[in-house]
Structures are given as structure tokens and as C-alpha cells.
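Trainee: Sharing final28.csv below, CSV, C-alpha atoms:
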chain,number,residue,atom,x,y,z
A,50,MET,CA,-5.0,36.7,-23.2
A,51,THR,CA,-6.8,38.1,-26.2
A,52,LEU,CA,-10.6,37.4,-26.6
A,53,GLU,CA,-9.7,35.3,-29.7
A,54,GLY,CA,-7.4,33.4,-27.4
A,55,VAL,CA,-10.1,32.8,-24.8
A,56,VAL,CA,-12.4,31.3,-27.4
A,57,HIS,CA,-9.6,29.2,-28.8
A,58,ALA,CA,-8.8,28.0,-25.2
A,59,LEU,CA,-12.4,27.2,-24.4
A,60,ARG,CA,-12.8,25.1,-27.6
A,61,ARG,CA,-9.6,23.3,-26.7
A,62,ILE,CA,-10.9,22.7,-23.2
A,63,HIS,CA,-14.1,21.2,-24.6
A,64,ARG,CA,-12.1,19.0,-26.9
A,65,SER,CA,-10.0,17.7,-24.0
A,66,LEU,CA,-13.0,16.8,-21.9
A,67,VAL,CA,-14.9,13.4,-22.2
A,68,PRO,CA,-18.5,13.7,-23.3
A,69,ASN,CA,-20.5,15.1,-20.4
A,70,GLY,CA,-17.3,16.1,-18.6
A,71,ILE,CA,-17.2,18.9,-16.2
A,72,LEU,CA,-15.8,22.4,-16.5
A,73,PHE,CA,-15.3,24.2,-13.2
A,74,ASP,CA,-14.7,27.9,-13.5
A,75,LEU,CA,-13.4,29.6,-10.3
A,76,GLN,CA,-13.1,33.4,-10.5
A,77,PRO,CA,-13.4,36.6,-8.5
A,78,ARG,CA,-17.0,37.7,-9.0
A,79,GLY,CA,-19.3,40.1,-7.3
A,80,GLY,CA,-17.1,43.1,-6.6
A,81,PRO,CA,-13.7,44.2,-5.6
A,82,ALA,CA,-11.6,42.7,-2.8
A,83,ARG,CA,-12.2,44.5,0.6
A,84,VAL,CA,-9.2,45.7,2.5
A,85,ILE,CA,-9.5,45.0,6.2
A,86,THR,CA,-7.1,46.0,8.9
A,87,GLY,CA,-7.1,46.6,12.6
A,88,LEU,CA,-9.1,49.7,11.9
A,89,GLY,CA,-11.8,47.7,10.2
A,90,GLU,CA,-12.8,47.7,6.5
A,91,ILE,CA,-10.8,50.7,5.2
A,92,GLY,CA,-11.5,50.4,1.4
A,93,SER,CA,-11.4,48.2,-1.6
A,94,LEU,CA,-9.0,47.4,-4.4
A,95,ASP,CA,-9.8,48.9,-7.8
A,96,GLY,CA,-10.7,45.9,-9.9
A,97,ARG,CA,-12.5,47.8,-12.7
A,98,GLU,CA,-10.0,46.7,-15.4
A,99,PHE,CA,-10.1,43.1,-14.2
A,100,PHE,CA,-13.9,42.9,-14.1
A,101,ARG,CA,-14.2,44.6,-17.5
A,102,ASP,CA,-12.1,41.8,-19.0
A,103,ALA,CA,-13.9,39.1,-16.9
A,104,ARG,CA,-17.3,40.3,-18.2
A,105,ALA,CA,-16.0,40.0,-21.8
A,106,THR,CA,-14.7,36.5,-21.1
A,107,GLU,CA,-18.1,35.5,-19.6
A,108,ARG,CA,-19.9,36.8,-22.7
A,109,LEU,CA,-17.7,34.5,-24.8
A,110,LEU,CA,-18.4,31.5,-22.6
A,111,ALA,CA,-22.1,32.3,-22.7
A,112,GLY,CA,-21.8,32.3,-26.5
A,113,LEU,CA,-20.3,28.8,-26.4
A,114,VAL,CA,-23.2,27.8,-24.1
A,115,ARG,CA,-25.7,29.1,-26.8
A,116,GLU,CA,-23.7,27.3,-29.4
A,117,GLY,CA,-24.2,24.0,-27.5
A,118,LEU,CA,-20.6,23.2,-26.4
A,119,PHE,CA,-21.3,23.7,-22.7
A,120,ALA,CA,-24.4,23.8,-20.5
A,121,PHE,CA,-24.3,25.9,-17.3
A,122,GLU,CA,-25.4,23.8,-14.3
A,123,GLN,CA,-24.7,25.5,-11.0
A,124,GLU,CA,-22.9,28.3,-9.1
A,125,VAL,CA,-21.7,28.7,-5.6
A,126,ALA,CA,-20.7,32.1,-4.2
A,127,PHE,CA,-18.2,32.6,-1.4
A,128,ARG,CA,-15.4,34.8,-0.2
A,129,VAL,CA,-11.7,34.1,-0.5
A,130,GLU,CA,-9.9,35.3,2.6
A,131,SER,CA,-6.2,36.2,2.5
A,132,SER,CA,-4.0,37.3,5.5
A,133,PHE,CA,-0.7,39.1,5.6
A,134,ASP,CA,2.0,39.5,8.2
A,135,SER,CA,2.3,43.3,7.6
A,136,GLY,CA,0.7,46.2,5.9
A,137,GLU,CA,3.7,46.5,3.6
A,138,GLU,CA,3.2,42.9,2.5
A,139,LEU,CA,-0.5,43.5,1.7
A,140,VAL,CA,0.3,46.6,-0.3
A,141,GLU,CA,3.2,45.0,-2.2
A,142,THR,CA,1.0,41.9,-3.0
A,143,ALA,CA,-1.9,44.1,-4.2
A,144,ARG,CA,0.5,46.1,-6.4
A,145,GLY,CA,1.5,42.8,-8.1
A,146,PHE,CA,-2.0,41.8,-9.0
A,147,ALA,CA,-2.8,41.9,-12.7
A,148,ARG,CA,-5.4,44.4,-13.9
A,149,THR,CA,-6.2,45.4,-10.2
A,150,ARG,CA,-4.8,48.4,-8.4
A,151,ILE,CA,-4.5,49.7,-4.9
A,152,SER,CA,-4.8,53.5,-4.7
A,153,LYS,CA,-2.0,55.6,-3.2
A,154,ARG,CA,-4.5,56.8,-0.6
A,155,LEU,CA,-5.6,53.3,0.4
A,156,ALA,CA,-2.0,52.0,0.5
A,157,ALA,CA,-1.1,54.8,2.8
A,158,ARG,CA,-4.0,54.0,5.1
A,159,VAL,CA,-3.0,50.3,5.2
A,160,LEU,CA,0.6,51.3,6.1
A,161,ARG,CA,-0.7,53.4,9.0
A,162,SER,CA,-3.1,50.7,10.2
A,163,PRO,CA,-2.5,48.3,13.1
A,164,PRO,CA,-2.8,44.5,12.4
A,165,PRO,CA,-4.4,42.3,11.3
A,166,TYR,CA,-4.1,42.8,7.5
A,167,ARG,CA,-6.6,41.0,5.3
A,168,LEU,CA,-8.1,40.9,1.9
A,169,SER,CA,-11.6,39.5,1.5
A,170,GLU,CA,-12.5,38.8,-2.2
A,171,PRO,CA,-16.0,37.8,-3.4
A,172,SER,CA,-15.7,34.8,-5.7
A,173,SER,CA,-17.7,32.1,-7.2
A,174,LEU,CA,-17.4,28.6,-8.7
A,175,ARG,CA,-19.5,27.7,-11.7
A,176,ARG,CA,-20.0,24.2,-13.1
A,177,TYR,CA,-20.6,23.6,-16.7
A,178,ARG,CA,-21.2,20.3,-18.5
A,179,ALA,CA,-19.4,19.6,-21.8
A,180,LEU,CA,-22.1,18.6,-24.3
A,181,VAL,CA,-21.6,16.2,-27.1
A,182,THR,CA,-21.4,17.9,-30.4
A,183,ALA,CA,-22.1,16.6,-33.8
B,228,MET,CA,6.9,37.3,4.3
B,229,THR,CA,3.8,35.2,4.6
B,230,TRP,CA,0.8,35.7,2.4
B,231,THR,CA,-1.8,33.1,3.4
B,232,ILE,CA,-4.9,32.3,1.4
B,233,ASP,CA,-7.4,30.2,3.2
B,234,PRO,CA,-8.4,27.4,0.8
B,235,SER,CA,-11.4,26.3,2.7
B,236,SER,CA,-14.0,28.4,0.9
B,237,GLU,CA,-12.8,27.3,-2.5
B,238,LEU,CA,-12.5,23.7,-1.5
B,239,GLY,CA,-15.9,23.9,0.1
B,240,ALA,CA,-17.4,25.2,-3.1
B,241,LEU,CA,-15.8,22.5,-5.1
B,242,ALA,CA,-17.2,19.9,-2.8
B,243,ALA,CA,-20.7,21.5,-3.0
B,244,LEU,CA,-20.6,21.2,-6.8
B,245,GLY,CA,-19.6,17.6,-6.9
B,246,GLY,CA,-15.9,17.8,-6.4
B,247,LEU,CA,-13.1,16.1,-8.3
B,248,ALA,CA,-13.0,12.7,-6.6
B,249,GLY,CA,-11.9,9.9,-8.9
B,250,ALA,CA,-11.6,12.3,-11.8
B,251,ARG,CA,-8.8,12.8,-14.3
B,252,VAL,CA,-8.3,16.5,-13.8
B,253,LEU,CA,-6.8,19.2,-15.9
B,254,GLU,CA,-6.2,22.3,-13.8
B,255,ILE,CA,-5.5,25.5,-15.7
B,256,GLY,CA,-3.9,28.4,-13.7
B,257,CYS,CA,-2.7,26.2,-10.8
B,258,GLY,CA,-0.1,28.8,-9.6
B,259,ASP,CA,2.0,27.4,-6.8
B,260,GLY,CA,-0.4,24.4,-6.5
B,261,ARG,CA,-2.0,25.6,-3.3
B,262,LEU,CA,-5.4,24.1,-4.3
B,263,THR,CA,-3.9,21.2,-6.3
B,264,ARG,CA,-2.3,19.8,-3.1
B,265,GLU,CA,-5.6,19.9,-1.3
B,266,TYR,CA,-7.9,18.1,-3.8
B,267,ALA,CA,-5.4,15.8,-5.6
B,268,ALA,CA,-5.4,13.0,-3.1
B,269,ALA,CA,-9.0,12.2,-3.9
B,270,SER,CA,-8.6,12.5,-7.7
B,271,ARG,CA,-7.5,9.8,-10.1
B,272,SER,CA,-4.8,12.0,-11.7
B,273,VAL,CA,-4.0,15.7,-12.2
B,274,LEU,CA,-2.2,17.6,-14.9
B,275,ALA,CA,-1.8,21.1,-13.5
B,276,ILE,CA,-0.5,23.9,-15.7
B,277,ASP,CA,0.4,27.6,-15.2
B,278,SER,CA,2.2,30.0,-17.4
B,279,ASP,CA,4.4,31.2,-14.5
B,280,ARG,CA,7.5,29.1,-14.6
B,281,GLU,CA,8.5,30.2,-11.0
B,282,ALA,CA,5.1,29.2,-9.7
B,283,ILE,CA,5.4,25.8,-11.3
B,284,ALA,CA,8.8,25.3,-9.7
B,285,LYS,CA,7.3,26.1,-6.3
B,286,ALA,CA,4.4,23.7,-7.0
B,287,ARG,CA,6.7,20.9,-7.8
B,288,ALA,CA,8.9,21.6,-4.8
B,289,SER,CA,6.0,21.6,-2.3
B,290,LEU,CA,4.1,18.6,-3.7
B,291,PRO,CA,3.9,15.9,-1.0
B,292,ALA,CA,5.8,12.7,-2.0
B,293,GLU,CA,2.6,10.6,-1.7
B,294,LEU,CA,1.1,12.7,-4.6
B,295,GLY,CA,4.1,12.4,-6.8
B,296,ARG,CA,2.7,9.6,-9.0
B,297,ARG,CA,-0.7,11.2,-9.3
B,298,VAL,CA,0.1,14.9,-10.0
B,299,ARG,CA,2.1,16.5,-12.9
B,300,PHE,CA,2.9,20.2,-13.0
B,301,ARG,CA,3.8,21.8,-16.3
B,302,VAL,CA,4.5,25.3,-17.6
B,303,GLY,CA,1.7,26.1,-20.1
B,304,ASN,CA,-1.6,27.9,-20.8
B,305,ALA,CA,-5.0,27.1,-22.1
B,306,VAL,CA,-4.3,28.4,-25.6
B,307,GLU,CA,-1.5,26.0,-26.1
B,308,LEU,CA,-3.4,22.9,-24.8
B,309,GLU,CA,-2.3,19.8,-26.7
B,310,GLY,CA,-2.9,16.2,-26.2
B,311,PRO,CA,-5.5,13.6,-27.2
B,312,PRO,CA,-9.2,14.5,-27.1
B,313,ALA,CA,-11.4,13.4,-24.2
B,314,ALA,CA,-8.4,12.9,-22.0
B,315,PHE,CA,-10.0,14.5,-18.9
B,316,ASP,CA,-13.1,14.0,-16.8
B,317,ALA,CA,-12.9,17.5,-15.4
B,318,VAL,CA,-11.2,20.8,-16.2
B,319,PHE,CA,-10.7,23.2,-13.3
B,320,LEU,CA,-10.1,26.8,-14.4
B,321,SER,CA,-8.6,28.5,-11.4
B,322,HIS,CA,-8.5,32.3,-11.7
B,323,SER,CA,-7.5,31.9,-15.4
B,324,LEU,CA,-8.8,33.0,-18.8
Before anything else, please render the file you have as C-alpha cells.
Mentor:
Amino acid sequence: MTLEGVVHALRRIHRSLVPNGILFDLQPRGGPARVITGLGEIGSLDGREFFRDARATERLLAGLVREGLFAFEQEVAFRVESSFDSGEELVETARGFARTRISKRLAARVLRSPPPYRLSEPSSLRRYRALVTA
Amino acid sequence: MTWTIDPSSELGALAALGGLAGARVLEIGCGDGRLTREYAAASRSVLAIDSDREAIAKARASLPAELGRRVRFRVGNAVELEGPPAAFDAVFLSHSL
């Protein structure tokens, strides 16, 4: 989605909410997903492109907060844990992620590793209040 | 192949921030509905959208029958949101935008 599209979407979201309605924003935040196998934590996915775009989106939302459309209220941080039946499945899944990569070296390590196979991704949920506008 | 995402941390965070109980919810980026199925029973109604047509088909297929009257899945995205203003008490952006 383009940055213009994000702003347009956020304005549409504000319009769709009742006055003082709630916007929950659940996103990966706080760093890349850790790759964990039977050998322990063996590396991280490369999320630089994703987080670059995420920061741009957050700046746009912050702009709408300054504009008075939304008020930030609270945030809870946590980790999302994913498990896979095999190393091949983890690698294939990671290669399908948008704007996130798994390096060839890390993929090879995963494929050589014994089970279990997991991703642990830092994330957070933010709550915003839709403010009444004139 | 089984890729399992534990929903407990996300649902715990939702609960910690007030949750969606009794709310008319618009979920954007619902994917295959893995979180929708978990919170919908407590909500008043849910419109869950995702741009991935295949994911929406999976979401519809895996929706428990008892939630059928409460939850609607549609192919769509936030940019194309239409409908009357002030139709929802809460919007849940799930890994979207």
C-alpha cells in the first residue's frame, strides 16, 4: 500500500468508527523474528524492509494523532510464537513473508538443525481512541 | 504441513487493552480468520476483511457454525472501505497497513 493509501485508509477507518470508538493496531514491533531450532536461537529474519515501511506508516498515524483524529491511549508488548513441523516448512514460510527475508546462510542452518522449529516475533498492540472532529 | 501460530499472546494483549466484548468490530487483515474465530463469540458482530481471496475462503470454511450469524468475511482492504459512517465500535488492524 502506498503512503497516500495508508492515510486514505486511516481516514476511512476514522469515519467508520463511532465517536470515541477504538482502533486496535497489532503489528510486529521491536525487532526481527528470532529463528529457534533444536540448536537454540540460530539467527533472525531480515525485516529491514518491513520495519522501514512500518516506521513510515507509524509516522503517518502519528500525524493523524497530532491532527486530532485519534488519541493514543495504551500499548502492550508481547511475542508471537509460531511452530513448524519441519525446517523446510519454516524456510518456505519465511520466504513467503512480504518485505521480510531469510538469508541463504540462515536457511541452510535451519535445514541442518534438529527439531523443534520456531519463530518468535516481538509484536505489540496499540489502542487509539477515535476523537470527534468538527 | 502445519504452521501453528499460538494466538494466546495476541488475545491476551487484546484483553489487557479492553477487548472487543459486545462491540461491532471491523477487522482489517484477518487472513484465514485465526484470531477472528477466537474473539468473535464475545463480540456483537464482526466484519472481517482481507485482500487475499484464498485466505478469506479458508476463513469462511473454518468458521464454527455458531458464529455464522455474527461474523462476515469479505475480500477487501482498508483503502476501499465503504459503508455508512460510525458503523463500528472498534476497528482491529491485524498486521495490516
Trainee: By how many Å are CA of Asp74 in chain A and CA of Ala240 in chain B apart?
Mentor: 11.1 Å
Trainee: Enumerate as JSON, numbers by chain the residues belonging to chain B that approach chain A to within 8 Å, with all atoms listed in the file taken into account.
Mentor: {"B": [228, 229, 230, 231, 232, 233, 234, 236, 237, 240, 241, 243, 244, 305, 306, 307, 308, 310, 311, 312, 313, 314, 315, 316, 317, 318, 319, 320, 321, 322, 323, 324]}
Trainee: When you draw a straight line from CA of Asp279 in chain B to CA of Leu118 in chain A, how long is it in Å?
Mentor: 28.8 Å
Trainee: Excluding same-chain residues fewer than 6 positions from Phe100 in chain A, what lies within 10 Å of it counting all atoms listed in the file, as a list in words?
Mentor: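 Counting only the stated atoms, we get Pro77, Arg78, Gly79, Gly80, Pro81, Thr106, Arg148 and Thr149 of chain A.
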Trainee: Give, as AutoDock Vina command-line options, the centre coordinates and the x, y and z edge lengths in Å to one decimal for an axis-aligned box around all listed atoms of range 288-295 of chain B, padded by 6 Å on each side.
Mentor:
--center_x 5.0 --center_y 16.1 --center_z -3.9 --size_x 19.8 --size_y 23.0 --size_z 17.8
Trainee: Please, what distance in Å, to one decimal, runs between CA of Ile276 in chain B and CA of Gly145 in chain A?
Mentor: 20.5 Å
Trainee: Which residue gives the smallest distance to Ser152 in chain A among A:Ala111, A:Ala105, A:Ala82, A:Val140, with all atoms listed in the file counted?
Mentor: A:Val140
Trainee: Which residues are close to range 285-291 of chain B, i.e. within 8 Å by all atoms listed in the file, leaving aside same-chain residues fewer than 4 positions away? Reply as a count of residues only.
Mentor: 8
Trainee: Around the point (-6.8, 52.1, 2.5) (coordinates from the file), which residues reach within 7 Å if we count all atoms listed in the file? Answer as an mmCIF file with C-alpha atoms, keeping the file's coordinate frame.
Mentor:
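As written to disk, result-v1.cif reads:
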data_model
loop_
_atom_site.group_PDB
_atom_site.id
_atom_site.type_symbol
_atom_site.label_atom_id
_atom_site.label_comp_id
_atom_site.auth_asym_id
_atom_site.auth_seq_id
_atom_site.Cartn_x
_atom_site.Cartn_y
_atom_site.Cartn_z
ATOM 1 C CA VAL A 84 -9.200 45.700 2.500
ATOM 2 C CA ILE A 91 -10.800 50.700 5.200
ATOM 3 C CA GLY A 92 -11.500 50.400 1.400
ATOM 4 C CA ARG A 154 -4.500 56.800 -0.600
ATOM 5 C CA LEU A 155 -5.600 53.300 0.400
ATOM 6 C CA ALA A 156 -2.000 52.000 0.500
ATOM 7 C CA ALA A 157 -1.100 54.800 2.800
ATOM 8 C CA ARG A 158 -4.000 54.000 5.100
ATOM 9 C CA VAL A 159 -3.000 50.300 5.200
#
Trainee: List the spatial neighbours of Leu238 in chain B as a tab-separated table (two decimals) with C-alpha atoms, in the frame of the given file - criterion: any atom at most 9 Å away, all atoms listed in the file, same-chain residues fewer than 6 positions off excluded.
Mentor:
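Writing the result to selection06.tsv gives the following:
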chain	number	residue	atom	x	y	z
B	246	GLY	CA	-15.90	17.80	-6.40
B	262	LEU	CA	-5.40	24.10	-4.30
B	265	GLU	CA	-5.60	19.90	-1.30
B	266	TYR	CA	-7.90	18.10	-3.80
Trainee: What's the 12 Å shell around Arg296 in chain B, counting all atoms listed in the file, without same-chain residues fewer than 2 positions away, as number ranges by chain?
Mentor: B: 267-268, 270-274, 290-294, 298-300
